[in-house]
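Coordinates from final-v6.cif are shown below (mmCIF, C-alpha atoms and all ligand atoms).
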data_input
loop_
_atom_site.group_PDB
_atom_site.id
_atom_site.type_symbol
_atom_site.label_atom_id
_atom_site.label_comp_id
_atom_site.auth_asym_id
_atom_site.auth_seq_id
_atom_site.Cartn_x
_atom_site.Cartn_y
_atom_site.Cartn_z
ATOM 1 C CA MET P 1034 44.590 -8.750 48.531
ATOM 2 C CA THR P 1035 46.286 -11.057 46.011
ATOM 3 C CA PRO P 1036 46.427 -10.006 42.335
ATOM 4 C CA ASP P 1037 43.999 -12.737 41.234
ATOM 5 C CA LEU P 1038 41.497 -11.792 43.925
ATOM 6 C CA MET P 1039 41.696 -8.204 42.684
ATOM 7 C CA GLU P 1040 41.227 -9.387 39.117
ATOM 8 C CA ALA P 1041 38.207 -11.486 40.103
ATOM 9 C CA GLY P 1042 36.795 -8.469 41.925
ATOM 10 C CA ALA P 1043 37.293 -6.259 38.873
ATOM 11 C CA ARG P 1044 35.570 -8.858 36.656
ATOM 12 C CA ALA P 1045 32.614 -9.105 39.045
ATOM 13 C CA LEU P 1046 32.329 -5.315 39.142
ATOM 14 C CA ALA P 1047 32.458 -5.059 35.342
ATOM 15 C CA ALA P 1048 29.741 -7.737 35.025
ATOM 16 C CA HIS P 1049 27.584 -5.905 37.551
ATOM 17 C CA GLN P 1050 28.025 -2.603 35.697
ATOM 18 C CA ALA P 1051 27.113 -4.253 32.390
ATOM 19 C CA ARG P 1052 23.938 -5.670 33.978
ATOM 20 C CA SER P 1053 22.993 -2.270 35.413
ATOM 21 C CA ARG P 1054 23.527 -0.658 32.020
ATOM 22 C CA ALA P 1055 21.404 -3.290 30.293
ATOM 23 C CA TYR P 1056 18.688 -2.778 32.877
ATOM 24 C CA ALA P 1057 18.860 1.009 32.631
ATOM 25 C CA SER P 1058 18.764 0.915 28.828
ATOM 26 C CA ASP P 1059 15.166 -0.371 28.943
ATOM 27 C CA GLU P 1060 14.073 3.129 29.767
ATOM 28 C CA VAL P 1061 15.144 6.057 27.633
ATOM 29 C CA TYR P 1062 17.501 8.473 29.376
ATOM 30 C CA PHE P 1063 17.532 12.119 28.287
ATOM 31 C CA GLY P 1064 20.799 12.988 30.010
ATOM 32 C CA GLN P 1065 21.961 15.734 27.657
ATOM 33 C CA GLY P 1066 18.527 17.228 27.028
ATOM 34 C CA VAL P 1067 18.523 15.549 23.634
ATOM 35 C CA ALA P 1068 15.632 13.323 22.533
ATOM 36 C CA LEU P 1069 16.977 12.147 19.188
ATOM 37 C CA TYR P 1070 20.385 11.999 17.559
ATOM 38 C CA VAL P 1071 20.564 11.204 13.865
ATOM 39 C CA ASP P 1072 24.228 10.925 13.032
ATOM 40 C CA GLU P 1073 25.465 10.737 9.434
ATOM 41 C CA ILE P 1074 22.953 8.177 8.177
ATOM 42 C CA SER P 1075 23.052 7.098 4.562
ATOM 43 C CA VAL P 1076 20.593 4.899 2.666
ATOM 44 C CA SER P 1077 20.850 3.750 -0.933
ATOM 45 C CA PHE P 1078 18.093 2.233 -3.033
ATOM 46 C CA ASP P 1079 19.591 0.518 -6.074
ATOM 47 C CA GLY P 1080 22.571 2.855 -6.017
ATOM 48 C CA PHE P 1081 20.450 5.982 -5.517
ATOM 49 C CA LYS P 1082 21.313 7.818 -2.293
ATOM 50 C CA ALA P 1083 17.993 8.613 -0.628
ATOM 51 C CA LEU P 1084 19.867 9.757 2.498
ATOM 52 C CA ASN P 1085 23.378 11.105 2.288
ATOM 53 C CA ALA P 1086 25.167 11.421 5.647
ATOM 54 C CA LEU P 1087 22.121 13.058 7.200
ATOM 55 C CA SER P 1088 22.635 14.447 10.713
ATOM 56 C CA LEU P 1089 20.237 16.237 13.010
ATOM 57 C CA THR P 1090 19.451 16.547 16.693
ATOM 58 C CA ILE P 1091 16.057 17.056 18.330
ATOM 59 C CA ASP P 1092 15.947 18.381 21.890
ATOM 60 C CA VAL P 1093 13.655 17.080 24.605
ATOM 61 C CA GLY P 1094 10.273 18.802 24.290
ATOM 62 C CA GLU P 1095 11.229 20.451 20.990
ATOM 63 C CA LEU P 1096 8.791 20.829 18.095
ATOM 64 C CA ARG P 1097 10.835 20.676 14.882
ATOM 65 C CA CYS P 1098 9.420 21.180 11.412
ATOM 66 C CA ILE P 1099 11.186 19.547 8.497
ATOM 67 C CA ILE P 1100 10.552 20.844 5.004
ATOM 68 C CA GLY P 1101 12.014 20.043 1.612
ATOM 69 C CA PRO P 1102 11.057 19.053 -1.937
ATOM 70 C CA ASN P 1103 9.505 15.704 -2.847
ATOM 71 C CA GLY P 1104 12.143 13.011 -2.853
ATOM 72 C CA ALA P 1105 14.380 14.880 -0.384
ATOM 73 C CA GLY P 1106 14.383 11.870 1.940
ATOM 74 C CA LYS P 1107 11.992 13.089 4.655
ATOM 75 C CA THR P 1108 9.938 9.891 4.829
ATOM 76 C CA THR P 1109 13.050 7.723 4.484
ATOM 77 C CA MET P 1110 14.507 9.534 7.499
ATOM 78 C CA MET P 1111 11.401 8.621 9.522
ATOM 79 C CA ASP P 1112 11.656 5.045 8.226
ATOM 80 C CA CYS P 1113 15.202 4.880 9.614
ATOM 81 C CA ILE P 1114 14.220 6.287 13.013
ATOM 82 C CA THR P 1115 11.312 3.853 13.383
ATOM 83 C CA GLY P 1116 13.163 0.738 12.204
ATOM 84 C CA LYS P 1117 11.297 0.282 8.922
ATOM 85 C CA THR P 1118 14.471 0.866 6.920
ATOM 86 C CA ARG P 1119 18.017 0.117 8.080
ATOM 87 C CA PRO P 1120 20.557 2.750 7.056
ATOM 88 C CA ASP P 1121 23.714 1.509 5.340
ATOM 89 C CA SER P 1122 25.801 3.573 7.738
ATOM 90 C CA GLY P 1123 25.487 6.076 10.560
ATOM 91 C CA ARG P 1124 23.855 6.045 13.975
ATOM 92 C CA VAL P 1125 20.413 6.809 15.366
ATOM 93 C CA SER P 1126 20.029 7.172 19.093
ATOM 94 C CA PHE P 1127 16.950 7.830 21.226
ATOM 95 C CA GLY P 1128 18.004 9.835 24.251
ATOM 96 C CA SER P 1129 21.582 9.183 25.252
ATOM 97 C CA ASN P 1130 21.237 5.448 25.826
ATOM 98 C CA ILE P 1131 19.030 3.713 23.244
ATOM 99 C CA ASP P 1132 20.618 2.678 19.964
ATOM 100 C CA LEU P 1133 17.562 2.529 17.698
ATOM 101 C CA LEU P 1134 19.434 0.683 14.961
ATOM 102 C CA ARG P 1135 19.592 -2.370 17.232
ATOM 103 C CA LEU P 1136 15.834 -2.483 17.870
ATOM 104 C CA SER P 1137 12.942 -3.868 15.838
ATOM 105 C CA GLU P 1138 9.984 -1.689 14.782
ATOM 106 C CA PRO P 1139 7.779 -2.857 17.708
ATOM 107 C CA GLN P 1140 10.641 -2.422 20.181
ATOM 108 C CA ILE P 1141 11.175 1.141 18.963
ATOM 109 C CA ALA P 1142 7.480 1.920 19.430
ATOM 110 C CA GLN P 1143 7.624 0.302 22.865
ATOM 111 C CA ALA P 1144 10.638 2.454 23.772
ATOM 112 C CA GLY P 1145 8.486 5.568 23.247
ATOM 113 C CA VAL P 1146 8.731 6.578 19.583
ATOM 114 C CA GLY P 1147 5.301 7.078 17.986
ATOM 115 C CA ARG P 1148 4.757 7.543 14.281
ATOM 116 C CA LYS P 1149 1.859 8.923 12.324
ATOM 117 C CA PHE P 1150 1.727 7.946 8.669
ATOM 118 C CA GLN P 1151 0.098 10.104 6.024
ATOM 119 C CA LYS P 1152 -3.100 8.072 5.672
ATOM 120 C CA PRO P 1153 -5.236 7.621 8.786
ATOM 121 C CA THR P 1154 -5.590 3.991 9.816
ATOM 122 C CA VAL P 1155 -8.402 3.994 12.352
ATOM 123 C CA TYR P 1156 -10.868 1.137 12.858
ATOM 124 C CA GLU P 1157 -13.862 2.526 10.963
ATOM 125 C CA GLN P 1158 -16.464 0.169 12.485
ATOM 126 C CA LEU P 1159 -15.473 0.922 16.056
ATOM 127 C CA THR P 1160 -16.438 4.048 17.948
ATOM 128 C CA VAL P 1161 -13.954 6.808 18.640
ATOM 129 C CA PHE P 1162 -13.807 5.696 22.282
ATOM 130 C CA GLU P 1163 -13.200 2.064 21.324
ATOM 131 C CA ASN P 1164 -10.384 3.089 18.988
ATOM 132 C CA LEU P 1165 -8.639 4.839 21.866
ATOM 133 C CA GLU P 1166 -9.334 1.900 24.162
ATOM 134 C CA LEU P 1167 -7.759 -0.458 21.666
ATOM 135 C CA ALA P 1168 -4.680 1.754 21.386
ATOM 136 C CA LEU P 1169 -4.325 1.477 25.152
ATOM 137 C CA LYS P 1170 -4.611 -2.303 24.953
ATOM 138 C CA ALA P 1171 -1.762 -2.490 22.489
ATOM 139 C CA ASP P 1172 0.462 -1.453 25.356
ATOM 140 C CA ARG P 1173 1.869 -4.605 26.878
ATOM 141 C CA ARG P 1174 2.363 -3.099 30.309
ATOM 142 C CA VAL P 1175 -1.377 -2.695 30.822
ATOM 143 C CA ARG P 1176 -2.706 -5.535 28.725
ATOM 144 C CA ALA P 1177 -3.290 -7.824 31.704
ATOM 145 C CA ALA P 1178 -5.052 -5.112 33.682
ATOM 146 C CA LEU P 1179 -7.338 -4.441 30.728
ATOM 147 C CA PHE P 1180 -8.482 -8.006 30.305
ATOM 148 C CA HIS P 1181 -11.801 -7.275 32.008
ATOM 149 C CA ARG P 1182 -12.446 -3.565 31.966
ATOM 150 C CA LEU P 1183 -10.877 -0.135 32.033
ATOM 151 C CA SER P 1184 -9.564 1.195 35.312
ATOM 152 C CA PRO P 1185 -10.722 4.674 36.422
ATOM 153 C CA VAL P 1186 -7.243 6.011 35.571
ATOM 154 C CA GLN P 1187 -7.443 4.605 32.046
ATOM 155 C CA ARG P 1188 -10.969 5.950 31.573
ATOM 156 C CA GLU P 1189 -9.738 9.339 32.710
ATOM 157 C CA ARG P 1190 -6.788 9.211 30.304
ATOM 158 C CA ILE P 1191 -9.130 8.443 27.391
ATOM 159 C CA GLY P 1192 -11.236 11.423 28.470
ATOM 160 C CA GLU P 1193 -8.186 13.691 28.508
ATOM 161 C CA VAL P 1194 -7.091 12.580 25.058
ATOM 162 C CA LEU P 1195 -10.642 12.993 23.663
ATOM 163 C CA GLU P 1196 -10.565 16.586 24.842
ATOM 164 C CA LEU P 1197 -7.082 17.195 23.475
ATOM 165 C CA ILE P 1198 -8.058 15.962 20.001
ATOM 166 C CA HIS P 1199 -11.389 17.840 20.068
ATOM 167 C CA LEU P 1200 -13.474 14.674 19.795
ATOM 168 C CA GLU P 1201 -15.100 14.651 23.230
ATOM 169 C CA HIS P 1202 -18.552 15.036 21.640
ATOM 170 C CA GLU P 1203 -17.890 12.280 19.081
ATOM 171 C CA ALA P 1204 -16.789 9.585 21.535
ATOM 172 C CA GLN P 1205 -19.673 7.222 20.723
ATOM 173 C CA ARG P 1206 -19.686 7.795 16.935
ATOM 174 C CA SER P 1207 -18.290 5.237 14.547
ATOM 175 C CA ALA P 1208 -14.858 6.360 13.419
ATOM 176 C CA GLY P 1209 -15.935 5.754 9.816
ATOM 177 C CA LEU P 1210 -18.378 8.673 10.088
ATOM 178 C CA LEU P 1211 -15.695 11.208 11.040
ATOM 179 C CA SER P 1212 -14.324 13.811 8.626
ATOM 180 C CA HIS P 1213 -10.840 13.253 7.188
ATOM 181 C CA GLY P 1214 -9.368 15.745 9.659
ATOM 182 C CA GLN P 1215 -11.139 14.149 12.616
ATOM 183 C CA LYS P 1216 -9.791 10.729 11.604
ATOM 184 C CA GLN P 1217 -6.296 12.193 11.573
ATOM 185 C CA TRP P 1218 -6.829 13.577 15.075
ATOM 186 C CA LEU P 1219 -8.175 10.247 16.258
ATOM 187 C CA GLU P 1220 -5.069 8.536 14.999
ATOM 188 C CA ILE P 1221 -2.911 11.080 16.799
ATOM 189 C CA GLY P 1222 -5.009 10.379 19.904
ATOM 190 C CA MET P 1223 -4.344 6.657 19.488
ATOM 191 C CA LEU P 1224 -0.622 7.405 19.404
ATOM 192 C CA LEU P 1225 -0.952 9.546 22.517
ATOM 193 C CA MET P 1226 -2.580 6.673 24.423
ATOM 194 C CA GLN P 1227 0.838 5.017 24.358
ATOM 195 C CA ASP P 1228 2.381 8.166 25.855
ATOM 196 C CA PRO P 1229 5.263 8.405 23.362
ATOM 197 C CA LYS P 1230 8.216 10.604 24.283
ATOM 198 C CA LEU P 1231 8.935 11.327 20.619
ATOM 199 C CA LEU P 1232 6.288 11.751 17.927
ATOM 200 C CA LEU P 1233 7.014 11.664 14.203
ATOM 201 C CA LEU P 1234 4.312 13.146 11.984
ATOM 202 C CA ASP P 1235 4.548 12.842 8.209
ATOM 203 C CA GLU P 1236 2.458 15.476 6.386
ATOM 204 C CA PRO P 1237 -0.241 15.495 9.076
ATOM 205 C CA VAL P 1238 -2.411 18.238 7.554
ATOM 206 C CA ALA P 1239 -2.446 16.998 3.944
ATOM 207 C CA GLY P 1240 -6.075 17.053 2.794
ATOM 208 C CA MET P 1241 -7.342 18.998 5.814
ATOM 209 C CA THR P 1242 -9.539 22.084 5.596
ATOM 210 C CA ASP P 1243 -8.021 25.410 6.726
ATOM 211 C CA GLU P 1244 -9.909 25.236 9.997
ATOM 212 C CA GLU P 1245 -8.786 21.656 10.668
ATOM 213 C CA THR P 1246 -5.207 22.661 9.858
ATOM 214 C CA GLU P 1247 -5.354 25.494 12.371
ATOM 215 C CA ARG P 1248 -6.744 23.210 15.054
ATOM 216 C CA THR P 1249 -4.016 20.675 14.338
ATOM 217 C CA ALA P 1250 -1.389 23.365 14.868
ATOM 218 C CA GLU P 1251 -3.025 24.201 18.217
ATOM 219 C CA LEU P 1252 -2.964 20.518 19.154
ATOM 220 C CA PHE P 1253 0.743 20.154 18.319
ATOM 221 C CA LEU P 1254 1.581 23.333 20.208
ATOM 222 C CA SER P 1255 -0.201 21.912 23.248
ATOM 223 C CA LEU P 1256 1.902 18.727 22.989
ATOM 224 C CA GLU P 1257 5.185 20.611 22.672
ATOM 225 C CA GLY P 1258 7.211 20.448 25.857
ATOM 226 C CA GLN P 1259 5.581 17.229 27.098
ATOM 227 C CA HIS P 1260 6.673 15.367 23.969
ATOM 228 C CA SER P 1261 9.331 15.950 21.342
ATOM 229 C CA LEU P 1262 7.739 16.327 17.897
ATOM 230 C CA VAL P 1263 9.164 16.037 14.406
ATOM 231 C CA VAL P 1264 6.699 17.343 11.826
ATOM 232 C CA VAL P 1265 7.246 16.972 8.079
ATOM 233 C CA GLU P 1266 5.001 19.380 6.199
ATOM 234 C CA HIS P 1267 4.699 21.321 2.943
ATOM 235 C CA ASP P 1268 2.031 23.748 4.148
ATOM 236 C CA MET P 1269 4.050 26.896 4.968
ATOM 237 C CA LYS P 1270 1.166 28.601 6.732
ATOM 238 C CA PHE P 1271 0.976 25.619 9.052
ATOM 239 C CA VAL P 1272 4.755 25.619 9.580
ATOM 240 C CA ASP P 1273 4.599 29.350 10.336
ATOM 241 C CA GLN P 1274 1.862 28.744 12.915
ATOM 242 C CA LEU P 1275 3.895 25.959 14.538
ATOM 243 C CA THR P 1276 7.203 27.827 14.651
ATOM 244 C CA GLN P 1277 5.686 31.142 15.858
ATOM 245 C CA GLY P 1278 8.582 33.055 14.353
ATOM 246 C CA ARG P 1279 11.076 31.720 16.887
ATOM 247 C CA LYS P 1280 11.609 27.986 16.273
ATOM 248 C CA LYS P 1281 14.182 26.448 14.007
ATOM 249 C CA VAL P 1282 13.131 24.551 10.871
ATOM 250 C CA THR P 1283 15.272 22.088 8.940
ATOM 251 C CA VAL P 1284 15.361 21.971 5.148
ATOM 252 C CA LEU P 1285 16.207 18.607 3.618
ATOM 253 C CA HIS P 1286 17.464 18.268 0.056
ATOM 254 C CA GLU P 1287 18.964 15.237 -1.701
ATOM 255 C CA GLY P 1288 19.196 13.280 1.513
ATOM 256 C CA SER P 1289 20.946 15.782 3.732
ATOM 257 C CA VAL P 1290 20.374 19.056 5.556
ATOM 258 C CA LEU P 1291 20.502 22.008 3.159
ATOM 259 C CA ALA P 1292 19.676 24.686 5.716
ATOM 260 C CA GLU P 1293 18.524 25.129 9.281
ATOM 261 C CA GLY P 1294 17.184 28.278 10.900
ATOM 262 C CA LEU P 1295 14.073 30.365 11.448
ATOM 263 C CA LEU P 1296 11.418 29.982 8.761
ATOM 264 C CA SER P 1297 12.030 33.589 7.677
ATOM 265 C CA GLU P 1298 15.770 32.860 7.364
ATOM 266 C CA VAL P 1299 15.405 29.700 5.290
ATOM 267 C CA GLN P 1300 12.748 31.370 3.141
ATOM 268 C CA ALA P 1301 15.317 34.046 2.332
ATOM 269 C CA ASN P 1302 18.057 31.493 1.626
ATOM 270 C CA GLU P 1303 18.769 31.480 -2.129
ATOM 271 C CA GLU P 1304 19.598 27.797 -2.306
ATOM 272 C CA VAL P 1305 16.398 26.886 -0.483
ATOM 273 C CA VAL P 1306 14.339 29.102 -2.784
ATOM 274 C CA GLU P 1307 15.970 27.496 -5.806
ATOM 275 C CA VAL P 1308 15.424 23.864 -4.827
ATOM 276 C CA TYR P 1309 12.151 24.157 -3.019
ATOM 277 C CA LEU P 1310 10.216 27.300 -2.286
ATOM 278 C CA GLY P 1311 10.672 29.003 -5.605
ATOM 279 C CA ARG P 1312 9.223 26.202 -7.667
HETATM 280 N N1 LIG P 1401 11.673 1.593 -0.775
HETATM 281 C C1 LIG P 1401 12.241 2.364 -1.720
HETATM 282 N N2 LIG P 1401 12.799 1.827 -2.829
HETATM 283 C C2 LIG P 1401 13.367 2.596 -3.760
HETATM 284 N N3 LIG P 1401 13.443 3.932 -3.706
HETATM 285 C C3 LIG P 1401 12.896 4.539 -2.643
HETATM 286 C C4 LIG P 1401 12.264 3.797 -1.590
HETATM 287 N N4 LIG P 1401 11.812 4.694 -0.651
HETATM 288 C C5 LIG P 1401 12.156 5.912 -1.098
HETATM 289 N N5 LIG P 1401 12.805 5.827 -2.286
HETATM 290 C C6 LIG P 1401 13.349 6.958 -3.045
HETATM 291 O O1 LIG P 1401 14.128 7.731 -2.146
HETATM 292 C C7 LIG P 1401 13.939 9.114 -2.370
HETATM 293 C C8 LIG P 1401 13.476 9.796 -1.107
HETATM 294 O O2 LIG P 1401 12.123 9.450 -0.900
HETATM 295 P P1 LIG P 1401 11.290 9.946 0.342
HETATM 296 O O3 LIG P 1401 12.040 9.686 1.574
HETATM 297 O O4 LIG P 1401 9.947 9.327 0.220
HETATM 298 O O5 LIG P 1401 11.221 11.508 0.083
HETATM 299 P P2 LIG P 1401 10.240 12.617 0.694
HETATM 300 O O6 LIG P 1401 9.462 12.004 1.806
HETATM 301 O O7 LIG P 1401 11.155 13.715 1.138
HETATM 302 O O8 LIG P 1401 9.372 13.076 -0.439
HETATM 303 C C9 LIG P 1401 12.975 9.233 -3.549
HETATM 304 O O9 LIG P 1401 13.704 9.424 -4.726
HETATM 305 C C10 LIG P 1401 12.252 7.907 -3.550
HETATM 306 O O10 LIG P 1401 11.833 7.562 -4.841
HETATM 307 MG MG MG P 1402 7.408 11.757 2.100
#

Do you think you could lay out the structure here as structure tokens?
Amino acid sequence: MTPDLMEAGARALAAHQARSRAYASDEVYFGQGVALYVDEISVSFDGFKALNALSLTIDVGELRCIIGPNGAGKTTMMDCITGKTRPDSGRVSFGSNIDLLRLSEPQIAQAGVGRKFQKPTVYEQLTVFENLELALKADRRVRAALFHRLSPVQRERIGEVLELIHLEHEAQRSAGLLSHGQKQWLEIGMLLMQDPKLLLLDEPVAGMTDEETERTAELFLSLEGQHSLVVVEHDMKFVDQLTQGRKKVTVLHEGSVLAEGLLSEVQANEEVVEVYLGR
């Protein structure tokens, strides 16, 4: 083979590999068992560093609780993962192949990252069932199929989610008539309809009764393994229930990780007590 034929061959091969990579990058790839890499991200608001070289890693199927005082940067971190805020520096990667900093908010959701904000945003006039149906319709892959009516598989999926969120007996009620806790569960159910690989939950039990809080912990524990979950919460009883004495929690302070370890370990950490728990 002549040198220029070899060069042309190498170029064609490189182009083919680039195309394959672009194709493969549509779908998240969890090659290293890691769902989310946050690598040294910093964000400033008018010179104030809300995030300061924050790094953390969430494994596939892991349930991670994040705690820390108000203003620590917990919500800003979620804003950076979901594309609402662009960090000034650093990297955020979903699995080993998706650079989240290159995607828009809808593209990030489409890639499999679901986010639950603090306030529930369900459609109050619609029934619980219709809310879940609508969440399914927001998925572009099935939009065409849904134009007329739900398929048996979709109906079944709604049934499964209703059971998971303990609303199987409320399916035909208007969402506006649900309790605060039930609305929160419905919104989590709406997220689940999109089958996200990674779920971000910002203070999910704020304003819930003790019983609702306990049921929410059960729900999250049942999602663990199938999904990766990042839960920001102040309620230590809830965090204790979620971590079951064996899972790692992360403490954020002034935009970076102050401590990481078992809840009992971070609760005994003097710095953590000083900035957060001891207040
Ligand atoms: N859009 C914004 N503009 C200006 N400052 C902001 C903005 N978002 C957050 N901050 C500031 O960044 C810091 C971190 O906020 P936040 O991420 O909401 O903390 P947390 O969720 O841990 O309570 C706070 O001091 C907050 O006032
Ligand atoms: Mg917050």

Can you list what the PyMOL selection byres (((chain P and resi 1308) around 12) and not hetatm) grabs from this structure, as a list in words? Ile1100, Gly1101, Pro1102, Asn1103, Gly1104, Ala1105, Val1284, Leu1285, His1286, Glu1287, Leu1291, Ala1292, Val1299, Gln1300, Asn1302, Glu1303, Glu1304, Val1305, Val1306, Glu1307, Tyr1309, Leu1310, Gly1311 and Arg1312 of chain P

Rank nothing, just name the residue among P:Pro1153, P:Gly1106, P:Gly1288, P:Gly1064 nearest to ligand MG 1402 (chain P), using all atoms listed in the file.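 Ranking P:Pro1153, P:Gly1106, P:Gly1288, P:Gly1064 by distance to ligand MG 1402 (chain P), first place goes to P:Gly1106.
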
Nearest to P:Glu1193 by atom-to-atom distance, counting only C-alpha atoms, from P:Leu1233, P:Leu1296, P:Phe1162, P:Leu1210: P:Phe1162

Looking at P:Val1263, P:Leu1195, P:Val1146, P:Ala1301, which one is nearest to P:Pro1229, with distances taken over only C-alpha atoms?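 Nearest to P:Pro1229: P:Val1146.
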
Please determine, counting all atoms listed in the file, which residue among P:His1267, P:Lys1216, P:Arg1206, P:Arg1124 has the shortest atom-to-atom distance to ligand LIG 1401 (chain P). P:His1267

Residues in the PyMOL selection byres (((chain P and resi 1281) around 7) and not hetatm), expressed as a list of chain:residue names: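 Matching residues under the PyMOL selection byres (((chain P and resi 1281) around 7) and not hetatm) are P:Arg1097, P:Arg1279, P:Lys1280, P:Val1282, P:Thr1283, P:Glu1293, P:Gly1294, P:Leu1295, P:Leu1296.
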
Tell me which of P:Leu1169, P:Ser1289, P:His1202, P:Leu1234 sits closest to P:Glu1073, counting all atoms listed in the file.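 Comparing P:Leu1169, P:Ser1289, P:His1202, P:Leu1234 against P:Glu1073, the winner is P:Ser1289.
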
Distance criterion (all atoms listed in the file): nearest to P:Ala1142 out of P:Lys1230, P:Arg1044, P:Arg1188, P:Lys1107: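 Ranked by minimum distance to P:Ala1142, first place goes to P:Lys1230.
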
Taking the file as shown, what set of residues would the PyMOL selection byres (((chain P and resi 1065) around 9) and not hetatm) give back, as JSON, numbers by chain? {"P": [1062, 1063, 1064, 1066, 1067, 1068, 1092, 1093, 1128, 1129]}

Enter the distance from atom CA of P:Val1125 to atom CA of P:Thr1109, in Å, rounded to one decimal. 13.2 Å

Between atom CA of P:Lys1082 and atom O1 of ligand LIG 1401 (chain P), measure the distance and give it in Å to one decimal.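 Rounded to one decimal, the two atoms are 7.2 Å apart.
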
What is the atom CA of P:Gln1205 to atom CA of P:Gln1158 distance in Å? 11.3 Å

How close does stretch 1154-1221 of chain P get to stretch 1236-1249 of chain P? List, as CSV, each residue of stretch 1154-1221 of chain P within 9 Å, its nearest atom pair and the distance in Å to one decimal, counting only C-alpha atoms.
residue,atom,partner,partner_atom,distance
P:Ile1198,CA,P:Thr1249,CA,8.4
P:His1199,CA,P:Arg1248,CA,8.7
P:His1213,CA,P:Met1241,CA,6.9
P:Gly1214,CA,P:Met1241,CA,5.4
P:Gln1215,CA,P:Glu1245,CA,8.1
P:Gln1217,CA,P:Pro1237,CA,7.3
P:Trp1218,CA,P:Thr1249,CA,7.7

What would the list of residues within 7 Å of (0.1, 24.3, 10.5) (file frame) look like as an MDAnalysis selection string, if only C-alpha atoms are what count? chainID P and resid 1246:1247 1249:1250 1268 1270:1275

Restrict the selected residues to C-alpha atoms and save them as a short mmCIF file (atom, residue, chain, number, x, y, z; two decimals), in the frame of the given file.
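Writing done, so here's again-v6.cif:
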data_model
loop_
_atom_site.label_atom_id
_atom_site.label_comp_id
_atom_site.auth_asym_id
_atom_site.auth_seq_id
_atom_site.Cartn_x
_atom_site.Cartn_y
_atom_site.Cartn_z
CA THR P 1246 -5.21 22.66 9.86
CA GLU P 1247 -5.35 25.49 12.37
CA THR P 1249 -4.02 20.68 14.34
CA ALA P 1250 -1.39 23.36 14.87
CA ASP P 1268 2.03 23.75 4.15
CA LYS P 1270 1.17 28.60 6.73
CA PHE P 1271 0.98 25.62 9.05
CA VAL P 1272 4.76 25.62 9.58
CA ASP P 1273 4.60 29.35 10.34
CA GLN P 1274 1.86 28.74 12.92
CA LEU P 1275 3.90 25.96 14.54
#

Hey, can you pull every residue with an atom no more than 9 Å from (-12.7, 2.7, 15.7), using all atoms listed in the file, and send it as a tab-separated table (two decimals) with C-alpha atoms, in the frame of the given file?
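Heads up, here's the output in part.tsv:
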chain	number	residue	atom	x	y	z
P	1155	VAL	CA	-8.40	3.99	12.35
P	1156	TYR	CA	-10.87	1.14	12.86
P	1157	GLU	CA	-13.86	2.53	10.96
P	1158	GLN	CA	-16.46	0.17	12.48
P	1159	LEU	CA	-15.47	0.92	16.06
P	1160	THR	CA	-16.44	4.05	17.95
P	1161	VAL	CA	-13.95	6.81	18.64
P	1162	PHE	CA	-13.81	5.70	22.28
P	1163	GLU	CA	-13.20	2.06	21.32
P	1164	ASN	CA	-10.38	3.09	18.99
P	1165	LEU	CA	-8.64	4.84	21.87
P	1167	LEU	CA	-7.76	-0.46	21.67
P	1206	ARG	CA	-19.69	7.80	16.93
P	1207	SER	CA	-18.29	5.24	14.55
P	1208	ALA	CA	-14.86	6.36	13.42
P	1209	GLY	CA	-15.94	5.75	9.82
P	1219	LEU	CA	-8.18	10.25	16.26
